[in-house]
file input_25.cif (mmCIF, C-alpha atoms)
data_my_file
#
loop_
_atom_site.group_PDB
_atom_site.id
_atom_site.type_symbol
_atom_site.label_atom_id
_atom_site.label_comp_id
_atom_site.auth_asym_id
_atom_site.auth_seq_id
_atom_site.Cartn_x
_atom_site.Cartn_y
_atom_site.Cartn_z
ATOM 1 C CA MET A 266 -204.698 189.194 23.174
ATOM 2 C CA GLY A 267 -207.788 190.822 24.812
ATOM 3 C CA LEU A 268 -210.486 193.131 23.510
ATOM 4 C CA PRO A 269 -210.362 196.836 24.370
ATOM 5 C CA ALA A 270 -212.869 197.889 27.018
ATOM 6 C CA THR A 271 -214.556 200.290 24.564
ATOM 7 C CA ALA A 272 -215.675 197.398 22.354
ATOM 8 C CA ALA A 273 -218.142 196.113 24.939
ATOM 9 C CA ASP A 274 -221.217 197.776 23.317
ATOM 10 C CA THR A 275 -220.999 195.950 20.007
ATOM 11 C CA THR A 276 -220.627 192.517 21.588
ATOM 12 C CA ALA A 277 -222.824 192.921 24.638
ATOM 13 C CA GLY A 278 -222.591 189.848 26.818
ATOM 14 C CA VAL A 279 -220.089 188.079 24.573
ATOM 15 C CA SER A 280 -216.336 187.950 25.123
ATOM 16 C CA ALA A 281 -213.665 185.893 23.443
ATOM 17 C CA SER A 282 -210.189 185.083 24.579
ATOM 18 C CA THR A 283 -207.300 183.261 23.003
ATOM 19 C CA GLU A 284 -204.412 181.779 24.893
ATOM 20 C CA SER A 285 -201.067 182.595 23.448
ATOM 21 C CA GLY A 286 -199.405 179.666 21.776
ATOM 22 C CA SER A 287 -202.671 177.662 21.698
ATOM 23 C CA ALA A 288 -204.383 176.574 18.506
ATOM 24 C CA GLN A 289 -207.790 176.423 20.218
ATOM 25 C CA THR A 290 -210.194 179.282 20.608
ATOM 26 C CA ALA A 291 -212.658 179.200 23.494
ATOM 27 C CA LEU A 292 -215.901 181.104 23.189
ATOM 28 C CA ALA A 293 -217.637 182.002 26.424
ATOM 29 C CA VAL A 294 -221.217 183.288 26.420
ATOM 30 C CA THR A 295 -222.415 185.269 29.418
ATOM 31 C CA ALA A 296 -225.725 186.966 30.079
ATOM 32 C CA ALA A 297 -226.918 189.550 32.524
ATOM 33 C CA PRO A 298 -228.725 188.161 35.613
ATOM 34 C CA THR A 299 -231.973 189.778 34.450
ATOM 35 C CA ALA A 300 -231.825 188.249 30.986
ATOM 36 C CA THR A 301 -234.555 185.804 30.017
ATOM 37 C CA VAL A 302 -233.948 182.754 27.898
ATOM 38 C CA SER A 303 -236.622 181.143 25.785
ATOM 39 C CA PHE A 304 -236.561 178.245 23.386
ATOM 40 C CA GLU A 305 -238.850 177.641 20.482
ATOM 41 C CA ARG A 306 -240.728 174.390 20.793
ATOM 42 C CA PRO A 307 -240.743 172.402 17.591
ATOM 43 C CA VAL A 308 -244.213 171.873 16.203
ATOM 44 C CA VAL A 309 -245.080 168.200 16.596
ATOM 45 C CA LYS A 310 -247.921 166.945 14.495
ATOM 46 C CA THR A 311 -249.723 163.941 15.937
ATOM 47 C CA THR A 312 -251.993 161.513 14.183
ATOM 48 C CA ALA A 313 -254.618 159.539 16.056
ATOM 49 C CA ALA A 314 -254.059 155.797 16.206
ATOM 50 C CA PRO A 315 -256.222 153.836 13.773
ATOM 51 C CA LYS A 316 -259.452 152.567 15.236
ATOM 52 C CA VAL A 317 -259.370 148.830 15.817
ATOM 53 C CA GLU A 318 -262.343 147.055 14.330
ATOM 54 C CA ALA A 319 -263.435 143.567 15.257
ATOM 55 C CA VAL A 320 -262.752 141.026 12.531
ATOM 56 C CA ARG A 321 -265.847 139.200 11.423
ATOM 57 C CA THR A 322 -265.336 135.602 10.450
ATOM 58 C CA GLN A 323 -266.607 134.758 7.006
ATOM 59 C CA SER A 324 -269.563 132.479 7.072
ATOM 60 C CA THR A 325 -269.167 129.138 5.359
ATOM 61 C CA ASP A 326 -272.870 128.476 5.676
ATOM 62 C CA THR A 327 -273.811 127.098 2.301
ATOM 63 C CA ALA A 328 -277.466 127.619 3.121
ATOM 64 C CA ASN A 329 -277.051 131.404 3.208
ATOM 65 C CA GLY A 330 -275.069 131.310 -0.042
ATOM 66 C CA ALA A 331 -277.745 129.239 -1.716
ATOM 67 C CA ALA A 332 -280.500 131.546 -0.468
ATOM 68 C CA THR A 333 -278.612 134.604 -1.746
ATOM 69 C CA ALA A 334 -278.018 132.975 -5.138
ATOM 70 C CA ALA A 335 -281.690 132.045 -5.374
ATOM 71 C CA ALA A 336 -282.747 135.596 -4.559
ATOM 72 C CA ALA A 337 -280.338 136.981 -7.155
ATOM 73 C CA ALA A 338 -281.766 134.636 -9.765
ATOM 74 C CA GLY A 339 -285.252 135.926 -9.004
ATOM 75 C CA GLN A 340 -286.515 132.689 -7.509
ATOM 76 C CA ASP A 341 -289.230 132.660 -4.899
ATOM 77 C CA ALA A 342 -288.171 132.777 -1.255
ATOM 78 C CA SER A 343 -288.070 129.365 0.383
ATOM 79 C CA PRO A 344 -290.828 128.516 2.837
ATOM 80 C CA VAL A 345 -289.902 128.396 6.510
ATOM 81 C CA THR A 346 -289.861 124.595 6.514
ATOM 82 C CA LYS A 347 -287.425 124.434 3.594
ATOM 83 C CA THR A 348 -285.206 127.022 5.285
ATOM 84 C CA ALA A 349 -285.111 124.945 8.463
ATOM 85 C CA GLU A 350 -284.149 121.856 6.461
ATOM 86 C CA THR A 351 -281.391 123.753 4.650
ATOM 87 C CA VAL A 352 -279.973 125.116 7.906
ATOM 88 C CA SER A 353 -280.056 121.624 9.391
ATOM 89 C CA SER A 354 -278.233 120.266 6.338
ATOM 90 C CA ALA A 355 -275.579 122.988 6.594
ATOM 91 C CA SER A 356 -275.130 122.154 10.256
ATOM 92 C CA THR A 357 -274.577 118.468 9.566
ATOM 93 C CA SER A 358 -272.089 119.304 6.810
ATOM 94 C CA GLY A 359 -270.107 121.084 9.544
ATOM 95 C CA ILE A 360 -270.050 117.727 11.351
ATOM 96 C CA ALA A 361 -268.456 116.184 8.255
ATOM 97 C CA ALA A 362 -265.725 118.836 8.325
ATOM 98 C CA ILE A 363 -265.022 118.009 11.974
ATOM 99 C CA ALA A 364 -264.891 114.302 11.115
ATOM 100 C CA TYR A 365 -262.012 114.993 8.703
ATOM 101 C CA THR A 366 -259.923 116.280 11.622
ATOM 102 C CA GLY A 367 -260.094 112.803 13.173
ATOM 103 C CA ILE A 368 -258.352 111.063 10.279
ATOM 104 C CA GLY A 369 -255.104 109.426 11.344
ATOM 105 C CA HIS A 370 -255.938 109.045 15.041
ATOM 106 C CA SER A 371 -255.551 105.634 16.599
ATOM 107 C CA TYR A 372 -258.238 103.070 17.323
ATOM 108 C CA VAL A 373 -258.581 102.032 20.971
ATOM 109 C CA TRP A 374 -261.529 99.888 21.985
ATOM 110 C CA GLY A 375 -263.738 101.842 24.413
ATOM 111 C CA GLY A 376 -261.780 105.061 23.789
ATOM 112 C CA THR A 377 -263.383 108.471 23.334
ATOM 113 C CA SER A 378 -260.491 110.877 22.769
ATOM 114 C CA PRO A 379 -258.269 111.818 19.818
ATOM 115 C CA VAL A 380 -255.359 112.031 22.257
ATOM 116 C CA THR A 381 -255.587 108.548 23.736
ATOM 117 C CA GLY A 382 -257.544 106.916 20.894
ATOM 118 C CA TRP A 383 -261.171 105.983 20.289
ATOM 119 C CA ASP A 384 -263.307 103.257 18.860
ATOM 120 C CA CYS A 385 -265.960 103.804 16.195
ATOM 121 C CA SER A 386 -268.710 104.961 18.553
ATOM 122 C CA GLY A 387 -266.289 107.061 20.630
ATOM 123 C CA PHE A 388 -265.170 108.823 17.451
ATOM 124 C CA VAL A 389 -268.731 109.548 16.337
ATOM 125 C CA GLN A 390 -269.697 110.855 19.774
ATOM 126 C CA TRP A 391 -266.593 113.099 19.881
ATOM 127 C CA VAL A 392 -267.290 114.579 16.434
ATOM 128 C CA TYR A 393 -270.879 115.468 17.292
ATOM 129 C CA ALA A 394 -269.748 116.900 20.644
ATOM 130 C CA GLN A 395 -267.349 119.288 18.837
ATOM 131 C CA ALA A 396 -270.399 120.601 16.992
ATOM 132 C CA GLY A 397 -272.189 121.102 20.325
ATOM 133 C CA ILE A 398 -274.468 118.083 19.895
ATOM 134 C CA SER A 399 -274.780 115.470 22.624
ATOM 135 C CA ILE A 400 -275.502 111.930 21.426
ATOM 136 C CA PRO A 401 -275.291 108.587 23.228
ATOM 137 C CA ARG A 402 -271.945 106.850 22.923
ATOM 138 C CA THR A 403 -273.574 103.640 21.729
ATOM 139 C CA ASN A 404 -276.721 103.177 19.645
ATOM 140 C CA ALA A 405 -276.729 106.895 18.764
ATOM 141 C CA TRP A 406 -278.959 106.181 15.780
ATOM 142 C CA THR A 407 -281.878 105.458 18.119
ATOM 143 C CA ILE A 408 -282.366 109.226 18.561
ATOM 144 C CA MET A 409 -282.083 109.876 14.799
ATOM 145 C CA SER A 410 -284.296 109.383 11.781
ATOM 146 C CA PRO A 411 -283.434 106.890 9.048
ATOM 147 C CA THR A 412 -282.815 108.402 5.615
ATOM 148 C CA SER A 413 -282.289 106.980 2.156
ATOM 149 C CA THR A 414 -280.608 110.160 0.932
ATOM 150 C CA PRO A 415 -277.664 110.719 3.302
ATOM 151 C CA GLN A 416 -276.109 114.146 3.597
ATOM 152 C CA PRO A 417 -272.603 114.978 4.842
ATOM 153 C CA GLY A 418 -272.627 114.680 8.623
ATOM 154 C CA ASP A 419 -275.216 111.909 8.781
ATOM 155 C CA LEU A 420 -274.537 108.733 10.734
ATOM 156 C CA VAL A 421 -273.588 105.536 8.892
ATOM 157 C CA VAL A 422 -274.600 102.376 10.761
ATOM 158 C CA GLN A 423 -273.055 99.217 9.399
ATOM 159 C CA ASN A 424 -273.691 95.511 9.781
ATOM 160 C CA GLY A 425 -276.736 95.950 12.002
ATOM 161 C CA GLY A 426 -275.011 98.334 14.420
ATOM 162 C CA ALA A 427 -271.663 96.538 14.746
ATOM 163 C CA HIS A 428 -269.879 99.586 13.270
ATOM 164 C CA VAL A 429 -270.661 103.308 12.930
ATOM 165 C CA GLY A 430 -269.093 106.234 11.136
ATOM 166 C CA ILE A 431 -269.907 109.599 9.631
ATOM 167 C CA TYR A 432 -270.976 110.091 6.034
ATOM 168 C CA VAL A 433 -268.942 112.894 4.382
ATOM 169 C CA GLY A 434 -270.431 112.908 0.889
ATOM 170 C CA ASN A 435 -269.366 111.531 -2.503
ATOM 171 C CA GLY A 436 -270.096 107.990 -1.361
ATOM 172 C CA MET A 437 -267.454 108.120 1.390
ATOM 173 C CA MET A 438 -267.432 107.903 5.172
ATOM 174 C CA ILE A 439 -264.932 108.422 7.993
ATOM 175 C CA SER A 440 -264.725 105.973 10.857
ATOM 176 C CA ALA A 441 -262.386 104.549 13.467
ATOM 177 C CA LEU A 442 -262.090 101.203 11.746
ATOM 178 C CA ASN A 443 -259.757 98.939 13.707
ATOM 179 C CA PRO A 444 -256.423 98.954 15.621
ATOM 180 C CA SER A 445 -254.333 98.302 12.512
ATOM 181 C CA GLN A 446 -255.943 100.972 10.307
ATOM 182 C CA GLY A 447 -257.085 103.586 12.821
ATOM 183 C CA THR A 448 -259.399 106.418 11.744
ATOM 184 C CA LEU A 449 -259.662 106.827 7.990
ATOM 185 C CA LEU A 450 -261.712 107.838 4.980
ATOM 186 C CA HIS A 451 -263.235 104.850 3.181
ATOM 187 C CA SER A 452 -266.191 103.670 1.158
ATOM 188 C CA PRO A 453 -269.150 102.305 3.142
ATOM 189 C CA ALA A 454 -269.326 99.415 0.661
ATOM 190 C CA ALA A 455 -265.850 98.295 1.741
ATOM 191 C CA THR A 456 -266.954 97.575 5.302
ATOM 192 C CA GLY A 457 -270.392 95.992 4.991
ATOM 193 C CA SER A 458 -274.050 96.836 4.617
ATOM 194 C CA SER A 459 -275.045 100.359 5.597
ATOM 195 C CA SER A 460 -278.016 102.292 6.932
ATOM 196 C CA TYR A 461 -278.032 106.079 7.207
ATOM 197 C CA TYR A 462 -279.486 108.269 9.941
ATOM 198 C CA HIS A 463 -280.059 112.008 10.156
ATOM 199 C CA LEU A 464 -280.230 113.973 13.401
ATOM 200 C CA ASN A 465 -283.352 116.141 13.549
ATOM 201 C CA LYS A 466 -282.603 119.386 15.387
#

call {"tool": "encode", "arguments": {"input": "input_25.cif", "output": "structure tokens"}}
result
Amino acid sequence: MGLPATAADTTAGVSASTESGSAQTALAVTAAPTATVSFERPVVKTTAAPKVEAVRTQSTDTANGAATAAAAAGQDASPVTKTAETVSSASTSGIAAIAYTGIGHSYVWGGTSPVTGWDCSGFVQWVYAQAGISIPRTNAWTIMSPTSTPQPGDLVVQNGGAHVGIYVGNGMMISALNPSQGTLLHSPAATGSSSYYHLNK
């Protein structure tokens, strides 16, 4: 069934047709050649990406913490010499932390690496090197100052130089002891007489 020709005004540009016997209705849309078509653009709201800020590592420098605590308590500022000593002490305590990473590695006479093994002097040299400090592989204490009050990170020289390790505080040291025990934490008293040396920087 078609639409009468007179109905064209009310449905300008639109015509519908139905095939007889079909359940489907097709709708055809036509437009004049001069017609213009426009579409509304959806409004898209954008948000700027967050600004990436560099992450600052938290300082573990106990010297700065101590200085801040002292200032908060109203104590006098430390003299330059005391500050230098405190910074040096904090630096050597970093050496003690590095020494802990060597625990469990094997002992190899003449060795200098955690991968292939090290002996006592090779271990000590490696630890100081990780802290950016170059020391001789043997007789390292000859460039250091003896001390009777060892701090973590100081050198422990035992039995007249036959064995060396690193003092880590609380009366303990870490050293590459022997092939059967490897690198371990132990008391200096367990392995002989000890002398302590501090590296002046």

call {"tool": "residues_around", "arguments": {"input": "input_25.cif", "residues": "region 458-461 of chain A", "least_positions_apart": "4", "cutoff": "6 Å", "atoms": "all atoms listed in the file", "output": "number ranges by chain"}}
result
A: 411-412, 420-424

call {"tool": "axis_aligned_box", "arguments": {"input": "input_25.cif", "around": "region 430-433 of chain A", "padding_each_side": "5 Å", "output": "JSON"}}
result
{"center_x": -270.0, "center_y": 109.6, "center_z": 7.8, "size_x": 12.0, "size_y": 16.7, "size_z": 16.8}

call {"tool": "atom_distance", "arguments": {"input": "input_25.cif", "atom1": "CA of Cys385 (chain A)", "atom2": "CA of Thr414 (chain A)"}}
result
22.1 Å

call {"tool": "closest_residue", "arguments": {"input": "input_25.cif", "among": "A:Met438, A:Leu449, A:Val373, A:Ala405", "to": "Gly426 (chain A)", "atoms": "all atoms listed in the file"}}
result
A:Ala405

call {"tool": "residues_around", "arguments": {"input": "input_25.cif", "residues": "region 407-409 of chain A", "least_positions_apart": "5", "cutoff": "9 Å", "atoms": "only C-alpha atoms", "output": "VMD selection string"}}
result
chain A and resid 400 to 401 420 462 to 465

call {"tool": "atom_distance", "arguments": {"input": "input_25.cif", "atom1": "CA of Asp419 (chain A)", "atom2": "CA of Thr377 (chain A)"}}
result
19.1 Å

call {"tool": "decode", "arguments": {"input": "input_25.cif", "residues": "region 406-421 of chain A", "atoms": "all heavy atoms", "output": "PDB file, in the first residue's frame"}}
result
ATOM      1  N   TRP A 406      94.998  -1.443  57.306  1.00  0.00           N
ATOM      2  CA  TRP A 406      95.051  -0.639  58.528  1.00  0.00           C
ATOM      3  C   TRP A 406      96.212   0.337  58.545  1.00  0.00           C
ATOM      4  O   TRP A 406      96.208   1.283  59.323  1.00  0.00           O
ATOM      5  CB  TRP A 406      95.106  -1.557  59.754  1.00  0.00           C
ATOM      6  CG  TRP A 406      96.279  -2.495  59.777  1.00  0.00           C
ATOM      7  CD1 TRP A 406      97.504  -2.272  60.320  1.00  0.00           C
ATOM      8  CD2 TRP A 406      96.329  -3.806  59.208  1.00  0.00           C
ATOM      9  NE1 TRP A 406      98.328  -3.351  60.143  1.00  0.00           N
ATOM     10  CE2 TRP A 406      97.626  -4.325  59.456  1.00  0.00           C
ATOM     11  CE3 TRP A 406      95.429  -4.618  58.517  1.00  0.00           C
ATOM     12  CZ2 TRP A 406      98.033  -5.582  59.033  1.00  0.00           C
ATOM     13  CZ3 TRP A 406      95.830  -5.880  58.112  1.00  0.00           C
ATOM     14  CH2 TRP A 406      97.114  -6.346  58.374  1.00  0.00           C
ATOM     15  N   THR A 407      97.188   0.156  57.660  1.00  0.00           N
ATOM     16  CA  THR A 407      98.336   1.074  57.643  1.00  0.00           C
ATOM     17  C   THR A 407      97.953   2.475  57.192  1.00  0.00           C
ATOM     18  O   THR A 407      98.692   3.425  57.436  1.00  0.00           O
ATOM     19  CB  THR A 407      99.466   0.530  56.744  1.00  0.00           C
ATOM     20  OG1 THR A 407      98.967   0.368  55.416  1.00  0.00           O
ATOM     21  CG2 THR A 407      99.988  -0.797  57.263  1.00  0.00           C
ATOM     22  N   ILE A 408      96.792   2.624  56.548  1.00  0.00           N
ATOM     23  CA  ILE A 408      96.342   3.967  56.134  1.00  0.00           C
ATOM     24  C   ILE A 408      95.260   4.491  57.079  1.00  0.00           C
ATOM     25  O   ILE A 408      94.638   5.512  56.819  1.00  0.00           O
ATOM     26  CB  ILE A 408      95.827   3.978  54.678  1.00  0.00           C
ATOM     27  CG1 ILE A 408      94.573   3.101  54.534  1.00  0.00           C
ATOM     28  CG2 ILE A 408      96.908   3.536  53.705  1.00  0.00           C
ATOM     29  CD1 ILE A 408      93.804   3.346  53.254  1.00  0.00           C
ATOM     30  N   MET A 409      95.028   3.768  58.191  1.00  0.00           N
ATOM     31  CA  MET A 409      93.990   4.143  59.149  1.00  0.00           C
ATOM     32  C   MET A 409      94.597   4.511  60.493  1.00  0.00           C
ATOM     33  O   MET A 409      95.783   4.311  60.723  1.00  0.00           O
ATOM     34  CB  MET A 409      92.991   2.986  59.309  1.00  0.00           C
ATOM     35  CG  MET A 409      92.312   2.571  58.019  1.00  0.00           C
ATOM     36  SD  MET A 409      91.122   1.235  58.300  1.00  0.00           S
ATOM     37  CE  MET A 409      90.560   0.942  56.629  1.00  0.00           C
ATOM     38  N   SER A 410      93.755   5.025  61.350  1.00  0.00           N
ATOM     39  CA  SER A 410      94.208   5.415  62.696  1.00  0.00           C
ATOM     40  C   SER A 410      93.689   4.425  63.727  1.00  0.00           C
ATOM     41  O   SER A 410      92.502   4.071  63.701  1.00  0.00           O
ATOM     42  CB  SER A 410      93.669   6.805  63.052  1.00  0.00           C
ATOM     43  OG  SER A 410      94.120   7.754  62.119  1.00  0.00           O
ATOM     44  N   PRO A 411      94.548   3.980  64.640  1.00  0.00           N
ATOM     45  CA  PRO A 411      94.072   3.069  65.680  1.00  0.00           C
ATOM     46  C   PRO A 411      93.065   3.771  66.586  1.00  0.00           C
ATOM     47  O   PRO A 411      93.147   4.979  66.798  1.00  0.00           O
ATOM     48  CB  PRO A 411      95.339   2.693  66.449  1.00  0.00           C
ATOM     49  CG  PRO A 411      96.393   3.625  66.012  1.00  0.00           C
ATOM     50  CD  PRO A 411      95.975   4.274  64.744  1.00  0.00           C
ATOM     51  N   THR A 412      92.105   3.014  67.093  1.00  0.00           N
ATOM     52  CA  THR A 412      91.107   3.577  68.005  1.00  0.00           C
ATOM     53  C   THR A 412      90.788   2.565  69.088  1.00  0.00           C
ATOM     54  O   THR A 412      90.793   1.352  68.853  1.00  0.00           O
ATOM     55  CB  THR A 412      89.804   3.968  67.249  1.00  0.00           C
ATOM     56  OG1 THR A 412      88.868   4.497  68.185  1.00  0.00           O
ATOM     57  CG2 THR A 412      89.193   2.789  66.519  1.00  0.00           C
ATOM     58  N   SER A 413      90.507   3.073  70.265  1.00  0.00           N
ATOM     59  CA  SER A 413      90.122   2.188  71.376  1.00  0.00           C
ATOM     60  C   SER A 413      88.610   2.175  71.557  1.00  0.00           C
ATOM     61  O   SER A 413      88.080   1.444  72.384  1.00  0.00           O
ATOM     62  CB  SER A 413      90.798   2.641  72.672  1.00  0.00           C
ATOM     63  OG  SER A 413      90.458   3.990  72.942  1.00  0.00           O
ATOM     64  N   THR A 414      87.930   3.016  70.785  1.00  0.00           N
ATOM     65  CA  THR A 414      86.462   3.057  70.841  1.00  0.00           C
ATOM     66  C   THR A 414      85.917   2.817  69.431  1.00  0.00           C
ATOM     67  O   THR A 414      85.543   3.759  68.738  1.00  0.00           O
ATOM     68  CB  THR A 414      85.975   4.417  71.373  1.00  0.00           C
ATOM     69  OG1 THR A 414      86.536   5.463  70.558  1.00  0.00           O
ATOM     70  CG2 THR A 414      86.385   4.612  72.818  1.00  0.00           C
ATOM     71  N   PRO A 415      85.890   1.563  68.984  1.00  0.00           N
ATOM     72  CA  PRO A 415      85.467   1.278  67.609  1.00  0.00           C
ATOM     73  C   PRO A 415      84.007   1.637  67.366  1.00  0.00           C
ATOM     74  O   PRO A 415      83.169   1.531  68.254  1.00  0.00           O
ATOM     75  CB  PRO A 415      85.686  -0.232  67.485  1.00  0.00           C
ATOM     76  CG  PRO A 415      85.606  -0.752  68.876  1.00  0.00           C
ATOM     77  CD  PRO A 415      86.176   0.328  69.737  1.00  0.00           C
ATOM     78  N   GLN A 416      83.770   2.089  66.145  1.00  0.00           N
ATOM     79  CA  GLN A 416      82.427   2.425  65.688  1.00  0.00           C
ATOM     80  C   GLN A 416      82.065   1.474  64.546  1.00  0.00           C
ATOM     81  O   GLN A 416      82.949   0.937  63.876  1.00  0.00           O
ATOM     82  CB  GLN A 416      82.383   3.876  65.186  1.00  0.00           C
ATOM     83  CG  GLN A 416      82.707   4.918  66.239  1.00  0.00           C
ATOM     84  CD  GLN A 416      81.713   4.889  67.393  1.00  0.00           C
ATOM     85  OE1 GLN A 416      80.511   4.868  67.175  1.00  0.00           O
ATOM     86  NE2 GLN A 416      82.231   4.872  68.618  1.00  0.00           N
ATOM     87  N   PRO A 417      80.774   1.250  64.306  1.00  0.00           N
ATOM     88  CA  PRO A 417      80.396   0.398  63.178  1.00  0.00           C
ATOM     89  C   PRO A 417      81.045   0.876  61.875  1.00  0.00           C
ATOM     90  O   PRO A 417      81.027   2.063  61.561  1.00  0.00           O
ATOM     91  CB  PRO A 417      78.870   0.554  63.117  1.00  0.00           C
ATOM     92  CG  PRO A 417      78.487   0.846  64.527  1.00  0.00           C
ATOM     93  CD  PRO A 417      79.603   1.705  65.063  1.00  0.00           C
ATOM     94  N   GLY A 418      81.670  -0.053  61.184  1.00  0.00           N
ATOM     95  CA  GLY A 418      82.372   0.266  59.943  1.00  0.00           C
ATOM     96  C   GLY A 418      83.874   0.313  60.104  1.00  0.00           C
ATOM     97  O   GLY A 418      84.603   0.329  59.110  1.00  0.00           O
ATOM     98  N   ASP A 419      84.348   0.316  61.345  1.00  0.00           N
ATOM     99  CA  ASP A 419      85.799   0.332  61.574  1.00  0.00           C
ATOM    100  C   ASP A 419      86.394  -1.041  61.277  1.00  0.00           C
ATOM    101  O   ASP A 419      85.697  -2.066  61.276  1.00  0.00           O
ATOM    102  CB  ASP A 419      86.111   0.732  63.018  1.00  0.00           C
ATOM    103  CG  ASP A 419      85.907   2.228  63.262  1.00  0.00           C
ATOM    104  OD1 ASP A 419      85.769   2.979  62.273  1.00  0.00           O
ATOM    105  OD2 ASP A 419      85.876   2.626  64.442  1.00  0.00           O
ATOM    106  N   LEU A 420      87.698  -1.040  61.030  1.00  0.00           N
ATOM    107  CA  LEU A 420      88.409  -2.275  60.705  1.00  0.00           C
ATOM    108  C   LEU A 420      88.824  -2.998  61.983  1.00  0.00           C
ATOM    109  O   LEU A 420      89.276  -2.371  62.939  1.00  0.00           O
ATOM    110  CB  LEU A 420      89.652  -1.922  59.883  1.00  0.00           C
ATOM    111  CG  LEU A 420      90.332  -3.051  59.119  1.00  0.00           C
ATOM    112  CD1 LEU A 420      89.432  -3.561  58.000  1.00  0.00           C
ATOM    113  CD2 LEU A 420      91.648  -2.565  58.548  1.00  0.00           C
ATOM    114  N   VAL A 421      88.645  -4.316  61.993  1.00  0.00           N
ATOM    115  CA  VAL A 421      89.101  -5.147  63.110  1.00  0.00           C
ATOM    116  C   VAL A 421      90.296  -5.946  62.601  1.00  0.00           C
ATOM    117  O   VAL A 421      90.188  -6.689  61.629  1.00  0.00           O
ATOM    118  CB  VAL A 421      88.010  -6.135  63.579  1.00  0.00           C
ATOM    119  CG1 VAL A 421      88.491  -6.900  64.811  1.00  0.00           C
ATOM    120  CG2 VAL A 421      86.704  -5.418  63.859  1.00  0.00           C
TER     121      VAL A 421
END
